[in-house]
>>> print(open('run-v1.txt').read())   # compact mmCIF, C-alpha atoms and all ligand atoms
# COMPACT_ATOMS: atom_id res chain seq x y z
CA MET A 30 75.86 117.88 46.39
CA SER A 31 77.08 120.19 49.13
CA VAL A 32 79.43 120.09 52.09
CA LEU A 33 78.82 121.96 55.35
CA MET A 34 81.78 122.12 57.71
CA ILE A 35 80.92 123.15 61.26
CA PHE A 36 84.20 124.06 62.87
CA VAL A 37 84.17 123.94 66.67
CA ASP A 38 87.28 125.26 68.39
CA GLY A 39 88.88 123.21 71.14
CA ILE A 40 86.87 120.01 71.39
CA GLY A 41 88.76 116.75 71.87
CA ILE A 42 87.84 113.18 72.69
CA GLY A 43 88.29 112.77 76.42
CA GLY A 44 87.37 110.40 79.21
CA ASN A 45 83.73 109.64 79.85
CA ASP A 46 83.79 111.40 83.22
CA PRO A 47 81.05 113.93 84.04
CA ASP A 48 83.28 115.55 86.68
CA THR A 49 85.90 116.63 84.16
CA ASN A 50 84.36 116.31 80.69
CA PRO A 51 81.34 118.48 79.81
CA PHE A 52 80.56 116.12 76.91
CA ALA A 53 79.80 113.46 79.50
CA ARG A 54 77.53 115.82 81.42
CA ALA A 55 75.72 117.75 78.65
CA ARG A 56 72.34 116.41 77.58
CA THR A 57 72.95 116.05 73.87
CA LYS A 58 71.48 113.96 71.12
CA ARG A 59 74.14 114.38 68.43
CA LEU A 60 77.30 115.36 70.28
CA GLN A 61 77.05 112.53 72.77
CA ALA A 62 78.68 110.55 69.99
CA ALA A 63 81.90 112.54 70.44
CA CYS A 64 82.24 111.66 74.09
CA GLY A 65 84.57 109.00 75.42
CA ARG A 66 87.71 107.39 74.10
CA LEU A 67 87.65 106.08 70.55
CA ASP A 68 90.49 104.31 68.81
CA ARG A 69 88.93 103.96 65.40
CA PRO A 70 86.06 105.34 63.33
CA GLU A 71 82.79 104.36 64.86
CA LEU A 72 79.13 104.91 64.04
CA ARG A 73 77.45 106.51 67.02
CA ALA A 74 74.01 108.09 67.24
CA GLY A 75 73.88 108.34 63.45
CA ALA A 76 77.25 110.06 63.15
CA LEU A 77 80.43 108.50 61.89
CA VAL A 78 83.03 109.65 64.42
CA ILE A 79 86.69 109.61 63.45
CA PRO A 80 89.29 110.19 66.16
CA THR A 81 91.58 112.65 64.37
CA ASP A 82 95.16 113.48 65.29
CA ALA A 83 95.67 117.18 65.97
CA THR A 84 99.27 117.00 67.22
CA LEU A 85 100.51 116.77 63.62
CA GLY A 86 103.75 115.11 64.73
CA VAL A 87 104.97 118.33 66.35
CA ASP A 88 105.92 118.56 70.04
CA GLY A 89 103.97 120.75 72.44
CA LEU A 90 100.28 121.52 72.64
CA PRO A 91 98.38 121.91 69.37
CA GLN A 92 97.13 125.45 68.79
CA SER A 93 94.37 127.19 66.87
CA ALA A 94 96.07 129.12 64.10
CA SER A 95 98.30 126.31 62.84
CA GLY A 96 95.51 123.75 63.35
CA GLN A 97 92.97 125.82 61.44
CA THR A 98 95.44 126.48 58.62
CA THR A 99 96.02 122.73 58.37
CA LEU A 100 92.29 122.05 58.44
CA LEU A 101 91.63 124.54 55.65
CA THR A 102 94.52 123.53 53.39
CA GLY A 103 95.55 119.94 54.03
CA ILE A 104 99.10 121.22 54.55
CA ASN A 105 100.67 120.39 57.91
CA ALA A 106 101.19 124.02 58.92
CA ALA A 107 102.64 123.21 62.35
CA ARG A 108 105.37 121.14 60.76
CA GLN A 109 105.94 123.68 58.01
CA VAL A 110 106.56 126.53 60.45
CA GLY A 111 108.22 124.27 63.02
CA ARG A 112 105.77 124.84 65.88
CA HIS A 113 102.13 125.06 66.85
CA VAL A 114 100.95 128.66 66.37
CA HIS A 115 98.22 129.95 68.67
CA GLY A 116 95.52 132.54 68.19
CA PHE A 117 95.31 134.57 65.03
CA CYS A 118 96.74 134.19 61.54
CA THR A 119 100.41 135.07 61.15
CA ARG A 120 102.23 136.15 57.99
CA ALA A 121 103.77 132.68 57.66
CA LEU A 122 100.39 131.00 57.96
CA ALA A 123 98.85 133.46 55.48
CA GLY A 124 101.60 132.40 53.06
CA ILE A 125 100.62 128.76 53.47
CA LEU A 126 96.90 129.49 53.05
CA ASP A 127 97.17 131.68 49.97
CA GLY A 128 95.50 130.08 46.96
CA VAL A 129 95.11 126.65 48.51
CA SER A 130 92.43 126.98 51.18
CA LEU A 131 89.16 125.12 50.75
CA PHE A 132 87.53 128.45 49.85
CA ALA A 133 90.10 129.18 47.12
CA ARG A 134 90.07 125.67 45.72
CA VAL A 135 86.30 125.30 45.60
CA ARG A 136 86.09 128.66 43.87
CA ARG A 137 88.81 127.76 41.38
CA GLY A 138 87.02 124.52 40.65
CA GLY A 139 83.94 126.46 39.56
CA GLY A 140 82.04 125.88 42.79
CA ASN A 141 80.59 128.40 45.19
CA ALA A 142 81.95 128.60 48.71
CA THR A 143 80.86 130.71 51.62
CA PHE A 144 81.52 131.45 55.27
CA ALA A 145 78.20 131.48 57.12
CA ASN A 146 79.34 133.63 60.05
CA ALA A 147 78.14 137.22 60.23
CA TYR A 148 80.72 139.95 60.87
CA THR A 149 80.05 143.13 62.84
CA PRO A 150 80.40 146.72 61.52
CA GLU A 151 83.74 147.04 63.40
CA PHE A 152 85.22 144.42 61.09
CA PHE A 153 84.05 146.22 57.94
CA ARG A 154 85.48 149.48 59.29
CA GLY A 155 88.85 147.75 59.49
CA GLU A 156 89.05 148.01 63.25
CA ARG A 157 90.24 144.46 63.79
CA ARG A 158 94.01 144.28 64.10
CA PHE A 159 94.18 140.53 64.32
CA LEU A 160 92.38 138.30 61.86
CA SER A 161 91.40 134.68 62.21
CA VAL A 162 92.72 132.07 59.81
CA THR A 163 89.26 131.70 58.23
CA THR A 164 88.96 135.45 57.71
CA VAL A 165 92.34 135.58 55.96
CA ALA A 166 91.46 132.58 53.78
CA MET A 167 88.16 134.24 52.77
CA LYS A 168 89.91 137.52 51.93
CA GLN A 169 92.54 135.73 49.87
CA ALA A 170 89.85 133.84 47.98
CA GLY A 171 88.09 137.14 47.23
CA LEU A 172 84.84 136.00 48.79
CA PRO A 173 82.34 138.42 50.37
CA PHE A 174 81.75 138.45 54.12
CA ARG A 175 78.28 138.25 55.60
CA ASN A 176 77.13 141.15 57.75
CA LEU A 177 74.43 141.93 60.29
CA ASP A 178 71.89 142.65 57.53
CA ASP A 179 72.44 139.11 56.24
CA LEU A 180 72.05 137.91 59.81
CA ALA A 181 68.77 139.80 60.24
CA ARG A 182 67.48 138.23 57.00
CA GLY A 183 68.35 134.76 58.29
CA GLU A 184 71.16 134.35 55.75
CA ALA A 185 74.01 134.09 58.25
CA VAL A 186 74.65 132.78 61.76
CA PHE A 187 76.58 134.64 64.44
CA HIS A 188 79.53 132.83 66.02
CA ASP A 189 77.64 132.50 69.33
CA ILE A 190 74.74 130.81 67.45
CA THR A 191 71.85 132.75 69.10
CA ASN A 192 72.92 136.44 68.72
CA ARG A 193 72.95 136.80 72.51
CA ASP A 194 76.37 138.49 72.50
CA LEU A 195 75.33 140.96 69.82
CA ARG A 196 72.19 141.87 71.74
CA GLU A 197 74.23 142.41 74.90
CA ARG A 198 76.45 144.75 72.89
CA GLY A 199 73.40 146.81 71.91
CA HIS A 200 72.69 145.53 68.39
CA GLU A 201 68.99 145.26 67.57
CA ILE A 202 69.10 141.74 66.24
CA PRO A 203 66.45 139.23 67.30
CA PHE A 204 67.42 136.24 69.41
CA VAL A 205 67.54 133.05 67.33
CA HIS A 206 66.81 129.65 68.80
CA PRO A 207 69.78 127.34 68.16
CA GLU A 208 67.62 124.92 66.14
CA GLU A 209 66.46 127.75 63.89
CA ALA A 210 70.09 128.85 63.51
CA GLY A 211 70.81 125.28 62.39
CA ARG A 212 67.98 125.34 59.87
CA ARG A 213 69.32 128.62 58.47
CA LEU A 214 72.78 127.11 58.22
CA ALA A 215 71.44 124.07 56.36
CA ARG A 216 69.51 126.25 53.91
CA LEU A 217 72.65 128.28 53.22
CA ALA A 218 74.71 125.11 52.79
CA LEU A 219 72.22 123.63 50.32
CA THR A 220 72.63 126.64 48.03
CA HIS A 221 76.45 126.45 48.06
CA ASP A 222 78.96 123.74 47.27
CA PHE A 223 81.03 124.40 50.37
CA THR A 224 79.91 126.26 53.49
CA MET A 225 81.84 126.74 56.68
CA TYR A 226 80.58 127.86 60.06
CA GLU A 227 82.85 128.63 63.00
CA HIS A 228 82.16 128.52 66.73
CA PHE A 229 84.99 129.23 69.19
CA GLN A 230 83.35 129.84 72.57
CA THR A 231 83.97 126.17 73.43
CA ASP A 232 87.70 126.89 73.47
CA GLN A 233 87.17 129.91 75.73
CA ALA A 234 85.10 127.81 78.16
CA GLY A 235 87.91 125.27 78.23
CA HIS A 236 90.52 127.90 79.08
CA ALA A 237 88.22 129.27 81.78
CA ARG A 238 87.61 125.72 83.10
CA ASP A 239 83.95 126.72 83.25
CA MET A 240 81.87 123.52 83.42
CA ASN A 241 78.48 125.24 83.41
CA LYS A 242 79.36 127.39 80.42
CA ALA A 243 80.86 124.41 78.60
CA VAL A 244 77.76 122.27 79.17
CA PHE A 245 75.53 125.16 78.05
CA LEU A 246 77.58 125.65 74.87
CA LEU A 247 77.62 121.96 73.98
CA GLU A 248 73.86 121.66 74.47
CA GLN A 249 73.34 124.75 72.31
CA LEU A 250 75.65 123.35 69.65
CA ASP A 251 73.74 120.09 69.76
CA LEU A 252 70.47 121.92 69.08
CA LEU A 253 72.14 123.71 66.16
CA LEU A 254 73.21 120.34 64.75
CA ASP A 255 69.74 118.98 65.25
CA GLY A 256 68.36 121.93 63.32
CA VAL A 257 70.85 121.34 60.50
CA LEU A 258 70.18 117.62 60.27
CA GLY A 259 66.43 118.07 60.65
CA VAL A 260 66.06 119.95 57.38
CA SER A 261 68.97 118.68 55.31
CA ASP A 262 68.53 115.83 52.87
CA PRO A 263 71.38 113.41 53.66
CA ASP A 264 71.67 112.66 49.92
CA LYS A 265 72.33 116.32 49.20
CA LEU A 266 74.38 117.50 52.15
CA LEU A 267 77.44 116.06 53.84
CA VAL A 268 77.75 117.59 57.30
CA VAL A 269 81.18 117.60 58.94
CA VAL A 270 81.97 118.70 62.48
CA ALA A 271 85.70 119.35 62.85
CA SER A 272 87.97 120.81 65.52
CA ASP A 273 91.53 122.09 65.68
CA HIS A 274 92.71 120.70 69.04
CA GLY A 275 91.43 119.35 72.31
CA ASN A 276 90.65 121.58 75.28
CA VAL A 277 87.13 121.60 76.70
CA GLU A 278 86.96 117.80 77.12
CA ASP A 279 89.38 118.03 80.05
CA LEU A 280 88.50 120.77 82.52
CA THR A 281 91.14 119.62 85.01
CA ILE A 282 93.56 121.83 83.09
CA ARG A 283 93.43 125.33 81.65
CA THR A 284 95.31 124.51 78.45
CA HIS A 285 94.74 122.69 75.20
CA THR A 286 95.26 118.91 75.16
CA ARG A 287 96.99 116.48 72.84
CA ASN A 288 93.84 114.35 72.68
CA PRO A 289 92.49 113.35 69.26
CA VAL A 290 89.62 115.52 68.05
CA PRO A 291 86.30 114.08 66.89
CA THR A 292 85.64 114.53 63.18
CA MET A 293 81.93 113.74 62.90
CA LEU A 294 80.18 113.05 59.61
CA TRP A 295 76.52 112.82 58.62
CA GLY A 296 75.09 112.23 55.14
CA THR A 297 75.90 110.14 52.10
CA GLY A 298 79.53 109.78 51.27
CA ARG A 299 80.52 109.88 54.90
CA GLU A 300 82.15 106.43 54.73
CA VAL A 301 84.28 107.35 51.73
CA VAL A 302 85.39 110.62 53.29
CA ALA A 303 85.91 109.07 56.73
CA GLY A 304 88.19 106.42 55.27
CA ARG A 305 90.66 109.10 54.23
CA ILE A 306 90.83 110.99 57.52
CA HIS A 307 93.51 110.28 60.12
CA THR A 308 94.92 113.70 60.96
CA LEU A 309 93.76 117.33 60.59
CA ALA A 310 95.73 117.47 57.35
CA ASP A 311 93.49 114.84 55.73
CA ILE A 312 90.19 116.70 56.03
CA ALA A 313 90.50 119.35 53.27
CA PRO A 314 91.85 116.89 50.67
CA ALA A 315 89.13 114.35 51.53
CA LEU A 316 86.38 116.96 51.16
CA LEU A 317 87.78 118.33 47.89
CA ARG A 318 88.11 114.86 46.45
CA TYR A 319 84.53 114.14 47.44
CA LEU A 320 83.20 117.37 45.90
CA ARG A 321 85.06 116.55 42.68
CA ALA A 322 83.83 112.96 42.59
CA ARG A 323 80.26 114.19 42.99
CA GLY A 324 80.72 116.73 40.21
CA ALA A 325 80.27 119.78 42.45
CA ILE A 326 83.67 121.15 41.45
CA ASN A 327 86.04 120.39 38.61
CA GLY A 328 89.76 120.64 38.02
CA SER A 329 92.84 118.52 38.28
CA ASP A 330 94.18 120.69 41.09
CA LEU A 331 94.60 117.71 43.39
CA ALA A 332 94.81 118.57 47.04
ZN ZN M 1 92.66 127.99 72.92
>>> encode(input="run-v1.txt", output="C-alpha cells")
Amino acid sequence: MSVLMIFVDGIGIGGNDPDTNPFARARTKRLQAACGRLDRPELRAGALVIPTDATLGVDGLPQSASGQTTLLTGINAARQVGRHVHGFCTRALAGILDGVSLFARVRRGGGNATFANAYTPEFFRGERRFLSVTTVAMKQAGLPFRNLDDLARGEAVFHDITNRDLRERGHEIPFVHPEEAGRRLARLALTHDFTMYEHFQTDQAGHARDMNKAVFLLEQLDLLLDGVLGVSDPDKLLVVVASDHGNVEDLTIRTHTRNPVPTMLWGTGREVVAGRIHTLADIAPALLRYLRARGAINGSDLA
C-alpha cells in the first residue's frame, strides 16, 4: 500500500469562468474536477475533491513556505510563527519541520519515503542559497536526493514534468511526454510507501497572470495525472493532489487568494482519508494514519 502526493503550488477552487480561471478553460480529464466552487467533498470525474482551507485561521494571504510546512507536518505553521511565510524555508519553519515531516515520520515508522523530483548539479554543488521546504524536510530526514542520472534512467521527474527547462539550459536530457512522466512517477510510488512530487510553475503563471501558460501547465499536469492513474492499481496506490494556497484560479489578480484549495484523491481508502481533511493541517496526519492502518508503517508516533 503506497501513497503518492502530487503537490501543485498555487491552485485554488475558483469560479467556473473561462475568462479568469484557467481551470475552466483548460481541456482536462482529471483536473476538471477541481474547477468551480465546492462547499463539501464531492466525487467528480473519478476523484474525490475536498475543498481544503489554506488560510489556517491567520489573517492575510496564505503563502508557500508556511503552507508547505503545514502540509508536510500537520502543524499549523502559519499560526505557530504568527504569519504566513512566503517563498523558501526559514529557520523557524525548519525548526517546526525537524523530525516530524511526512518523510521523517514514514522513515521512522520503518517505511521508505522519497521525493521524486530530480535536482540539478548546481544543487549538489551547494550553489543554492535558498532551499524549499521539501528540500529541508528531505535533508532533515536524511533521505537521498534524485539527480539528473536518475532522471535519465526514468527514475525521477523534473519539476517542469517534461524536462523542457533543462533542455533549454543545455542539459542533454531527452524530452519526456507528460503521460510517460506520470507512468514513471507511478512506478516510483509503487516501490515506496510514501512518494512526493512537486510542481510550482502553476504558482508562477498565477503571479504572471499568464492565461496561456496557465492553461498549458494545467493540461500538462492533467496528462501527468492520466499517466499516473493509467498504470497504478487503485488498490495499491492512493494518489493525492494537494496545494498550499490559491493563486492561478483567479487571474484577475497577481497575488495568492484565500480560496480553498482542492485536495483530490484517487484509489482505495480515499473516503477514509477524505473524511479527516478540512484544512492543510489535516493532510499529513490523515495520510500517516492511513499508512499505519494499512500496515505500511508502524509506530505509535501519532501525528
Ligand atoms: Zn506564490
>>> residues_near_ligand(input="run-v1.txt", ligand="ligand ZN 1 (chain M)", cutoff="8 Å", atoms="only C-alpha atoms and all ligand atoms", output="list in words")
Asp38, Gly39, Gln92, Ser93, His115, Gly116, Asp232, Gln233, Gly235, His236, Asn276, Thr284 and His285 of chain A
>>> residues_around(input="run-v1.txt", residues="Val87 of chain A", least_positions_apart="6", cutoff="9 Å", atoms="only C-alpha atoms", output="NGL selection string")
:A and (107-108 or 111-113)
>>> atom_distance(input="run-v1.txt", atom1="atom CA of Gln109 of chain A", atom2="atom CA of His228 of chain A")
25.8 Å
>>> closest_residue(input="run-v1.txt", among="A:Leu131, A:Val269, A:Val165, A:Ile42", to="Pro291 of chain A", atoms="only C-alpha atoms")
A:Ile42
>>> atom_distance(input="run-v1.txt", atom1="atom CA of Ser95 of chain A", atom2="atom CA of Phe132 of chain A")
17.0 Å
>>> closest_residue(input="run-v1.txt", among="A:Leu267, A:Ile190, A:Val260, A:Ile306", to="Ala76 of chain A", atoms="all atoms listed in the file")
A:Leu267
>>> atom_distance(input="run-v1.txt", atom1="atom CA of Pro51 of chain A", atom2="atom CA of Pro70 of chain A")
21.6 Å
>>> closest_residue(input="run-v1.txt", among="A:Pro263, A:Gly103, A:Gly96, A:Gly75", to="Phe36 of chain A", atoms="all atoms listed in the file")
A:Gly96
>>> closest_residue(input="run-v1.txt", among="A:Asn192, A:Ser272, A:Thr281, A:Thr119", to="Met240 of chain A", atoms="all atoms listed in the file")
A:Thr281
>>> residues_around(input="run-v1.txt", residues="segment 120-130 of chain A", least_positions_apart="4", cutoff="12 Å", atoms="only C-alpha atoms", output="PyMOL selection string")
chain A and resi 93-116+134-138+142+159-171+223+225+310+312-314+316-317+330-332
>>> residues_around(input="run-v1.txt", residues="Ile326 of chain A", least_positions_apart="6", cutoff="6 Å", atoms="only C-alpha atoms", output="PDB file with C-alpha atoms, in the frame of the given file")
ATOM      1  CA  GLY A 138      87.020 124.520  40.650  1.00  0.00           C
ATOM      2  CA  GLY A 139      83.940 126.460  39.560  1.00  0.00           C
ATOM      3  CA  GLY A 140      82.040 125.880  42.790  1.00  0.00           C
ATOM      4  CA  LEU A 320      83.200 117.370  45.900  1.00  0.00           C
TER       5      LEU A 320
END
>>> axis_aligned_box(input="run-v1.txt", around="segment 127-146 of chain A", padding_each_side="3 Å", output="AutoDock Vina command-line options")
--center_x 87.7 --center_y 129.1 --center_z 49.8 --size_x 25.0 --size_y 15.1 --size_z 26.5
>>> residues_around(input="run-v1.txt", residues="Val244 of chain A", least_positions_apart="6", cutoff="10 Å", atoms="only C-alpha atoms", output="PyMOL selection string")
chain A and resi 50-57+231+234+250+277
>>> closest_residue(input="run-v1.txt", among="A:Asn327, A:Thr220, A:Asn45, A:Thr84", to="Gly275 of chain A", atoms="all atoms listed in the file")
A:Thr84
>>> build_atoms(input="run-v1.txt", residues="segment 83-105 of chain A", atoms="N, CA and C atoms", output="JSON list (two decimals), in the coordinates of the input")
[["chain", "number", "residue", "atom", "x", "y", "z"],
["A", 83, "ALA", "N", 95.49, 115.73, 66.11],
["A", 83, "ALA", "CA", 95.67, 117.18, 65.97],
["A", 83, "ALA", "C", 97.09, 117.60, 66.36],
["A", 84, "THR", "N", 97.91, 116.64, 66.79],
["A", 84, "THR", "CA", 99.27, 117.00, 67.22],
["A", 84, "THR", "C", 100.19, 117.20, 66.01],
["A", 85, "LEU", "N", 99.82, 116.59, 64.89],
["A", 85, "LEU", "CA", 100.51, 116.77, 63.62],
["A", 85, "LEU", "C", 102.01, 116.42, 63.69],
["A", 86, "GLY", "N", 102.35, 115.55, 64.63],
["A", 86, "GLY", "CA", 103.75, 115.11, 64.73],
["A", 86, "GLY", "C", 104.69, 116.18, 65.24],
["A", 87, "VAL", "N", 104.14, 117.23, 65.84],
["A", 87, "VAL", "CA", 104.97, 118.33, 66.35],
["A", 87, "VAL", "C", 104.82, 118.37, 67.88],
["A", 88, "ASP", "N", 105.93, 118.53, 68.57],
["A", 88, "ASP", "CA", 105.92, 118.56, 70.04],
["A", 88, "ASP", "C", 105.10, 119.75, 70.56],
["A", 89, "GLY", "N", 104.71, 119.64, 71.80],
["A", 89, "GLY", "CA", 103.97, 120.75, 72.44],
["A", 89, "GLY", "C", 102.48, 120.60, 72.22],
["A", 90, "LEU", "N", 101.73, 121.58, 72.74],
["A", 90, "LEU", "CA", 100.28, 121.52, 72.64],
["A", 90, "LEU", "C", 99.81, 122.09, 71.31],
["A", 91, "PRO", "N", 98.92, 121.37, 70.63],
["A", 91, "PRO", "CA", 98.38, 121.91, 69.37],
["A", 91, "PRO", "C", 97.63, 123.22, 69.61],
["A", 92, "GLN", "N", 97.71, 124.12, 68.64],
["A", 92, "GLN", "CA", 97.13, 125.45, 68.79],
["A", 92, "GLN", "C", 96.22, 125.80, 67.62],
["A", 93, "SER", "N", 95.43, 126.86, 67.83],
["A", 93, "SER", "CA", 94.37, 127.19, 66.87],
["A", 93, "SER", "C", 94.85, 127.61, 65.48],
["A", 94, "ALA", "N", 95.75, 128.55, 65.41],
["A", 94, "ALA", "CA", 96.07, 129.12, 64.10],
["A", 94, "ALA", "C", 96.71, 128.10, 63.17],
["A", 95, "SER", "N", 97.68, 127.33, 63.71],
["A", 95, "SER", "CA", 98.30, 126.31, 62.84],
["A", 95, "SER", "C", 97.32, 125.17, 62.56],
["A", 96, "GLY", "N", 96.50, 124.82, 63.56],
["A", 96, "GLY", "CA", 95.51, 123.75, 63.35],
["A", 96, "GLY", "C", 94.48, 124.14, 62.30],
["A", 97, "GLN", "N", 93.99, 125.37, 62.40],
["A", 97, "GLN", "CA", 92.97, 125.82, 61.44],
["A", 97, "GLN", "C", 93.55, 125.94, 60.03],
["A", 98, "THR", "N", 94.80, 126.39, 59.93],
["A", 98, "THR", "CA", 95.44, 126.48, 58.62],
["A", 98, "THR", "C", 95.56, 125.08, 58.00],
["A", 99, "THR", "N", 95.91, 124.11, 58.83],
["A", 99, "THR", "CA", 96.02, 122.73, 58.37],
["A", 99, "THR", "C", 94.66, 122.21, 57.93],
["A", 100, "LEU", "N", 93.66, 122.49, 58.73],
["A", 100, "LEU", "CA", 92.29, 122.05, 58.44],
["A", 100, "LEU", "C", 91.79, 122.63, 57.12],
["A", 101, "LEU", "N", 92.13, 123.87, 56.85],
["A", 101, "LEU", "CA", 91.63, 124.54, 55.65],
["A", 101, "LEU", "C", 92.45, 124.25, 54.39],
["A", 102, "THR", "N", 93.66, 123.72, 54.57],
["A", 102, "THR", "CA", 94.52, 123.53, 53.39],
["A", 102, "THR", "C", 94.93, 122.08, 53.14],
["A", 103, "GLY", "N", 94.98, 121.28, 54.19],
["A", 103, "GLY", "CA", 95.55, 119.94, 54.03],
["A", 103, "GLY", "C", 97.07, 119.95, 54.12],
["A", 104, "ILE", "N", 97.64, 121.13, 54.37],
["A", 104, "ILE", "CA", 99.10, 121.22, 54.55],
["A", 104, "ILE", "C", 99.38, 121.23, 56.06],
["A", 105, "ASN", "N", 100.32, 120.43, 56.49],
["A", 105, "ASN", "CA", 100.67, 120.39, 57.91],
["A", 105, "ASN", "C", 101.41, 121.68, 58.27]]
